[in-house]
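Structure below is start_14.tsv: TSV, C-alpha atoms.
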```tsv
chain	number	residue	atom	x	y	z
A	96	MET	CA	59.13	0.74	-83.47
A	97	PHE	CA	61.24	3.20	-85.45
A	98	VAL	CA	60.32	3.28	-89.13
A	99	PRO	CA	61.95	6.13	-91.12
A	100	LEU	CA	60.21	7.33	-94.25
A	101	VAL	CA	61.77	8.00	-97.63
A	102	ALA	CA	60.29	9.42	-100.78
A	103	ASN	CA	58.98	6.09	-102.04
A	104	ASN	CA	57.87	5.09	-98.52
A	105	LYS	CA	60.25	2.11	-98.62
A	106	PRO	CA	63.32	2.69	-96.45
A	107	GLN	CA	66.24	0.35	-96.97
A	108	TYR	CA	68.84	-0.82	-94.48
A	109	MET	CA	72.30	-2.28	-94.89
A	110	PHE	CA	74.02	-3.71	-91.83
A	111	PHE	CA	77.67	-4.74	-91.91
A	112	VAL	CA	78.16	-7.26	-89.09
A	113	SER	CA	81.47	-8.63	-87.85
A	114	THR	CA	83.56	-9.58	-84.85
A	115	GLY	CA	85.36	-6.25	-85.06
A	116	ARG	CA	88.84	-5.55	-86.48
A	117	CYS	CA	87.43	-6.27	-89.94
A	118	GLY	CA	87.75	-2.84	-91.56
A	119	THR	CA	84.26	-1.58	-90.74
A	120	LYS	CA	85.47	1.82	-89.50
A	121	ARG	CA	87.09	2.42	-92.88
A	122	VAL	CA	83.96	1.22	-94.68
A	123	ALA	CA	81.98	3.83	-92.74
A	124	GLU	CA	84.47	6.58	-93.60
A	125	ILE	CA	84.33	5.72	-97.29
A	126	LEU	CA	80.53	5.55	-97.47
A	127	GLN	CA	80.13	8.79	-95.53
A	128	GLN	CA	82.24	10.47	-98.21
A	129	VAL	CA	80.54	9.06	-101.31
A	130	LEU	CA	76.87	8.85	-100.30
A	131	PRO	CA	74.46	11.83	-100.31
A	132	SER	CA	72.39	13.08	-97.39
A	133	ALA	CA	69.62	10.58	-98.19
A	134	TYR	CA	71.79	8.04	-96.35
A	135	SER	CA	72.79	7.86	-92.69
A	136	VAL	CA	75.99	5.89	-92.07
A	137	MET	CA	76.53	4.85	-88.45
A	138	HIS	CA	79.63	3.53	-86.70
A	139	GLN	CA	80.22	3.20	-82.93
A	140	THR	CA	77.51	5.60	-81.88
A	141	LYS	CA	76.27	6.48	-78.41
A	142	TYR	CA	75.00	3.41	-76.55
A	143	ALA	CA	76.92	1.07	-78.87
A	144	ARG	CA	79.05	-0.15	-75.95
A	145	LEU	CA	75.90	-1.02	-74.01
A	146	ALA	CA	74.58	-2.77	-77.11
A	147	ASN	CA	77.77	-4.85	-77.25
A	148	ILE	CA	77.37	-6.07	-73.67
A	149	LEU	CA	73.67	-6.84	-74.10
A	150	GLY	CA	74.41	-8.61	-77.38
A	151	ASN	CA	76.91	-10.88	-75.65
A	152	MET	CA	74.38	-11.52	-72.89
A	153	ARG	CA	71.90	-12.49	-75.59
A	154	TYR	CA	74.49	-14.89	-76.99
A	155	TYR	CA	74.07	-16.89	-73.78
A	156	PHE	CA	70.51	-15.94	-72.85
A	157	PRO	CA	68.15	-15.33	-75.81
A	158	VAL	CA	65.53	-13.90	-73.45
A	159	PHE	CA	67.42	-10.61	-73.54
A	160	ALA	CA	65.87	-9.93	-76.95
A	161	HIS	CA	63.21	-7.83	-75.22
A	162	LEU	CA	66.01	-5.44	-74.16
A	163	THR	CA	68.22	-5.50	-77.23
A	164	GLU	CA	65.66	-4.89	-79.95
A	165	PRO	CA	64.22	-1.65	-78.49
A	166	LEU	CA	67.79	-0.44	-77.92
A	167	TYR	CA	68.68	-1.08	-81.57
A	168	TYR	CA	65.68	0.90	-82.82
A	169	TYR	CA	66.56	3.70	-80.40
A	170	ILE	CA	70.16	3.85	-81.67
A	171	MET	CA	68.88	4.02	-85.25
A	172	LYS	CA	66.50	6.83	-84.42
A	173	LYS	CA	69.07	8.90	-82.57
A	174	ASN	CA	71.79	8.53	-85.19
A	175	SER	CA	69.97	8.89	-88.49
A	176	ARG	CA	68.42	11.78	-90.34
A	177	ASP	CA	64.69	11.82	-90.92
A	178	GLY	CA	63.81	10.23	-94.23
A	179	SER	CA	67.16	8.54	-94.76
A	180	HIS	CA	68.20	5.05	-95.67
A	181	ILE	CA	70.39	3.57	-92.94
A	182	ILE	CA	73.75	1.86	-93.16
A	183	SER	CA	75.41	0.58	-89.99
A	184	THR	CA	78.97	-0.72	-89.95
A	185	ASP	CA	79.18	-0.93	-86.17
A	186	PRO	CA	80.56	-4.26	-84.86
A	187	LEU	CA	79.37	-3.37	-81.35
A	188	THR	CA	75.73	-3.64	-82.46
A	189	SER	CA	76.24	-6.69	-84.71
A	190	MET	CA	74.63	-9.16	-82.32
A	191	ILE	CA	71.28	-7.39	-81.78
A	192	ILE	CA	69.62	-6.62	-85.12
A	193	PRO	CA	65.84	-7.01	-84.58
A	194	GLU	CA	63.96	-9.95	-86.08
A	195	ALA	CA	61.66	-7.76	-88.17
A	196	LEU	CA	64.64	-6.15	-89.90
A	197	ILE	CA	66.43	-9.47	-90.42
A	198	LYS	CA	63.47	-10.93	-92.28
A	199	SER	CA	62.71	-7.83	-94.34
A	200	PRO	CA	63.55	-7.76	-98.08
A	201	SER	CA	64.37	-4.08	-97.51
A	202	THR	CA	67.35	-5.12	-95.38
A	203	ALA	CA	70.75	-6.39	-96.50
A	204	ILE	CA	73.10	-7.98	-93.97
A	205	ILE	CA	76.75	-8.13	-94.99
A	206	HIS	CA	78.74	-10.48	-92.76
A	207	ILE	CA	82.45	-9.65	-92.94
A	208	VAL	CA	84.88	-12.38	-91.86
A	209	ARG	CA	88.63	-12.35	-91.36
A	210	ASP	CA	91.39	-14.91	-90.88
A	211	GLU	CA	91.14	-15.83	-87.19
A	212	ASP	CA	94.89	-15.55	-86.52
A	213	ALA	CA	94.99	-12.07	-88.04
A	214	PHE	CA	91.92	-11.11	-85.99
A	215	ALA	CA	93.47	-12.39	-82.74
A	216	ARG	CA	96.73	-10.54	-83.27
A	217	SER	CA	94.96	-7.35	-84.36
A	218	ILE	CA	92.53	-7.20	-81.46
A	219	TYR	CA	95.26	-8.02	-78.95
A	220	ARG	CA	97.43	-5.18	-80.30
A	221	PHE	CA	94.41	-2.89	-80.21
A	222	THR	CA	93.95	-3.55	-76.48
A	223	ARG	CA	97.57	-2.55	-75.96
A	224	THR	CA	97.38	0.74	-77.85
A	225	ARG	CA	93.89	2.02	-76.97
A	226	LYS	CA	93.19	2.77	-73.33
A	227	LYS	CA	89.42	2.32	-73.62
A	228	SER	CA	89.86	-1.00	-75.37
A	229	PHE	CA	92.31	-2.20	-72.72
A	230	ILE	CA	89.82	-1.32	-69.97
A	231	ALA	CA	86.89	-2.92	-71.81
A	232	HIS	CA	88.68	-6.22	-72.50
A	233	ASN	CA	90.06	-6.49	-68.97
A	234	MET	CA	87.46	-4.91	-66.71
A	235	ILE	CA	84.01	-5.32	-68.27
A	236	PRO	CA	82.34	-8.75	-67.94
A	237	LEU	CA	80.82	-10.03	-71.20
A	238	TRP	CA	82.66	-7.48	-73.31
A	239	GLN	CA	83.45	-10.56	-75.39
A	240	PRO	CA	81.73	-13.94	-74.99
A	241	SER	CA	83.78	-16.32	-72.84
A	242	LEU	CA	86.43	-13.67	-72.02
A	243	TRP	CA	87.01	-13.36	-68.27
A	244	PRO	CA	88.01	-10.08	-66.57
A	245	LEU	CA	91.84	-9.66	-66.56
A	246	GLU	CA	92.27	-12.68	-68.86
A	247	ASN	CA	93.56	-10.40	-71.61
A	248	LEU	CA	96.23	-9.14	-69.22
A	249	MET	CA	97.23	-12.36	-67.47
A	250	SER	CA	96.62	-15.34	-69.75
A	251	LYS	CA	99.53	-16.78	-71.72
A	252	SER	CA	97.06	-18.28	-74.19
A	253	ILE	CA	95.08	-15.10	-74.84
A	254	LEU	CA	95.60	-15.29	-78.62
A	255	GLU	CA	94.00	-18.73	-78.66
A	256	LYS	CA	91.10	-17.33	-76.64
A	257	TYR	CA	90.60	-14.56	-79.19
A	258	ARG	CA	90.69	-17.12	-82.00
A	259	LYS	CA	87.96	-19.03	-80.14
A	260	ILE	CA	85.90	-15.86	-79.69
A	261	HIS	CA	86.25	-15.14	-83.40
A	262	ARG	CA	84.94	-18.61	-84.28
A	263	GLN	CA	82.09	-18.43	-81.75
A	264	LYS	CA	80.81	-15.07	-82.88
A	265	ASN	CA	81.03	-15.84	-86.59
A	266	ILE	CA	79.06	-19.06	-86.10
A	267	TYR	CA	76.45	-17.08	-84.17
A	268	LEU	CA	76.26	-14.34	-86.81
A	269	SER	CA	75.96	-16.89	-89.63
A	270	LYS	CA	73.14	-18.80	-87.95
A	271	ARG	CA	71.25	-15.72	-86.86
A	272	TYR	CA	71.39	-13.74	-90.08
A	273	ALA	CA	71.42	-16.37	-92.84
A	274	GLU	CA	67.62	-16.07	-93.06
A	275	ASN	CA	67.96	-12.50	-94.26
A	276	PRO	CA	66.95	-12.51	-97.97
A	277	ASN	CA	69.97	-10.36	-98.86
A	278	TYR	CA	72.54	-11.94	-96.54
A	279	LYS	CA	76.08	-12.17	-97.87
A	280	LYS	CA	79.21	-13.50	-96.16
A	281	VAL	CA	82.36	-11.89	-97.55
A	282	THR	CA	85.99	-11.69	-96.53
A	283	MET	CA	87.63	-8.51	-95.35
A	284	GLU	CA	89.93	-8.74	-98.36
A	285	LYS	CA	86.96	-8.89	-100.74
A	286	ILE	CA	85.33	-5.82	-99.20
A	287	PHE	CA	88.43	-3.79	-100.01
A	288	SER	CA	89.03	-5.22	-103.45
A	289	ASN	CA	88.58	-2.88	-106.38
A	290	GLY	CA	84.92	-2.31	-107.25
A	291	PHE	CA	83.30	-4.74	-104.79
A	292	LEU	CA	82.03	-2.28	-102.15
A	293	SER	CA	80.68	0.17	-104.72
A	294	GLN	CA	78.89	-2.65	-106.58
A	295	LEU	CA	77.51	-4.02	-103.33
A	296	VAL	CA	76.00	-0.70	-102.26
A	297	SER	CA	74.91	0.35	-105.75
A	298	GLY	CA	73.25	-3.01	-106.43
A	299	PHE	CA	71.14	-2.94	-103.29
A	300	PHE	CA	70.18	0.73	-103.10
A	301	LYS	CA	70.07	1.28	-106.87
A	302	HIS	CA	72.23	4.36	-106.43
A	303	ASP	CA	75.46	4.34	-108.41
A	304	ILE	CA	78.62	5.24	-106.51
A	305	SER	CA	82.29	5.08	-107.40
A	306	ILE	CA	85.05	4.46	-104.87
A	307	PRO	CA	88.65	5.11	-105.96
A	308	LEU	CA	91.00	2.18	-105.42
A	309	ALA	CA	93.34	4.48	-103.49
A	310	ASP	CA	90.61	5.06	-100.87
A	311	LEU	CA	90.14	1.32	-100.42
A	312	LYS	CA	93.83	0.91	-99.60
A	313	ILE	CA	93.80	3.45	-96.76
A	314	LYS	CA	93.43	1.87	-93.32
A	315	ALA	CA	91.44	3.58	-90.59
A	316	ASN	CA	94.17	2.65	-88.11
A	317	ALA	CA	97.31	2.60	-90.22
A	318	THR	CA	99.53	1.26	-87.44
A	319	LEU	CA	97.10	-1.51	-86.49
A	320	PRO	CA	96.83	-4.22	-89.17
```
Could you render the structure as structure tokens?
Amino acid sequence: MFVPLVANNKPQYMFFVSTGRCGTKRVAEILQQVLPSAYSVMHQTKYARLANILGNMRYYFPVFAHLTEPLYYYIMKKNSRDGSHIISTDPLTSMIIPEALIKSPSTAIIHIVRDEDAFARSIYRFTRTRKKSFIAHNMIPLWQPSLWPLENLMSKSILEKYRKIHRQKNIYLSKRYAENPNYKKVTMEKIFSNGFLSQLVSGFFKHDISIPLADLKIKANATLP
């Protein structure tokens, strides 16, 4: 098991979990700018796509925990600096956080939710403007739970399917992570409201940061609401 060390021998972890299309890329960009080198901020790292598929397999078959948990620790090890606290905003790894980390008081899990209609429209547009996303949603089984290959391309009710996926995954994330002692469910709008993200991070890590309101209003993908 990967256990990074910090000066006080008590590493802390903050995991932002979501269905995707909830602003987590922008959260990562902001935190990478304002936090010092004692923190490693991860977003869509190597092996994250594999983690996404295995996480959706685990959604149906919990026995896959023996594969997903070692992978999560490996991703943490490969993408963090020695001695750093770890923050992950990666939606592709949201389904596979290990049990030991979920139950730890040194972990905070921030569950970001979004209006399901806005999510469905956003993710559908994303598959039409990003080649890799189009391939993933149409060609890779279990890229999303209950999404069939080519359904994104051929179904006339694909927006309803994405609304269903959004509901399914948020129910799963709520049930799985509610036992975390620092679990919070917040809306995407709240995350980007003035002062909330800085207070969230400062309150947990006891490290004061300030995020300008102008930075919170910048979208990571400006053409993709």
ask   = Just how far from CA of Ile235 in chain A is CA of Glu211 in chain A, in Å to one decimal?
value =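 Interatomic distance here is 22.8 Å.
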message = From the options A:Arg271, A:Lys141, A:Arg258, A:Lys105, which residue's atoms come nearest to Gly178 in chain A, counting all atoms listed in the file?
response =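 Smallest distance to Gly178 in chain A is found for A:Lys105.
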inquiry  = Can you tell me which residues surround Ala213 in chain A at a distance of at most 12 Å, considering only C-alpha atoms, apart from same-chain residues fewer than 3 positions away, and format the answer as a list in words?
reply    = Gly115, Arg116, Cys117, Val208, Arg209, Asp210, Arg216, Ser217, Ile218, Tyr219, Arg220, Leu254, Glu255, Tyr257, Arg258, His261, Met283, Glu284, Leu319 and Pro320 of chain A
request  = Find the residues around Ile204 in chain A up to 6 Å (all atoms listed in the file counted), leave out those fewer than 4 positions away in its own chain, and share them as a list in words.
outcome  =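 Here the answer would be Met109, Phe110, Phe111 and Tyr278 of chain A.
Of the listed residues (A:Arg153, A:Lys279, A:Arg144, A:Lys226), A:Arg144 comes nearest to Thr188 in chain A; the distances count all atoms listed in the file.
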Distance in Å - CA of Pro276 in chain A versus CA of Ala160 in chain A =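 Computed distance, CA of Pro276 in chain A to CA of Ala160 in chain A, equals 21.2 Å.
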Tell me which protein, DNA and RNA residues are within 12 Å of range 241-251 of chain A, counting all atoms listed in the file, leaving out same-chain ones fewer than 2 positions away, and put them as a tab-separated table (two decimals) with C-alpha atoms, in the frame of the given file.
```tsv
chain	number	residue	atom	x	y	z
A	148	ILE	CA	77.37	-6.07	-73.67
A	151	ASN	CA	76.91	-10.88	-75.65
A	152	MET	CA	74.38	-11.52	-72.89
A	154	TYR	CA	74.49	-14.89	-76.99
A	155	TYR	CA	74.07	-16.89	-73.78
A	215	ALA	CA	93.47	-12.39	-82.74
A	218	ILE	CA	92.53	-7.20	-81.46
A	219	TYR	CA	95.26	-8.02	-78.95
A	220	ARG	CA	97.43	-5.18	-80.30
A	221	PHE	CA	94.41	-2.89	-80.21
A	222	THR	CA	93.95	-3.55	-76.48
A	223	ARG	CA	97.57	-2.55	-75.96
A	228	SER	CA	89.86	-1.00	-75.37
A	229	PHE	CA	92.31	-2.20	-72.72
A	230	ILE	CA	89.82	-1.32	-69.97
A	231	ALA	CA	86.89	-2.92	-71.81
A	232	HIS	CA	88.68	-6.22	-72.50
A	233	ASN	CA	90.06	-6.49	-68.97
A	234	MET	CA	87.46	-4.91	-66.71
A	235	ILE	CA	84.01	-5.32	-68.27
A	236	PRO	CA	82.34	-8.75	-67.94
A	237	LEU	CA	80.82	-10.03	-71.20
A	238	TRP	CA	82.66	-7.48	-73.31
A	239	GLN	CA	83.45	-10.56	-75.39
A	253	ILE	CA	95.08	-15.10	-74.84
A	254	LEU	CA	95.60	-15.29	-78.62
A	255	GLU	CA	94.00	-18.73	-78.66
A	256	LYS	CA	91.10	-17.33	-76.64
A	257	TYR	CA	90.60	-14.56	-79.19
A	258	ARG	CA	90.69	-17.12	-82.00
A	259	LYS	CA	87.96	-19.03	-80.14
A	260	ILE	CA	85.90	-15.86	-79.69
A	261	HIS	CA	86.25	-15.14	-83.40
A	262	ARG	CA	84.94	-18.61	-84.28
A	263	GLN	CA	82.09	-18.43	-81.75
A	264	LYS	CA	80.81	-15.07	-82.88
```
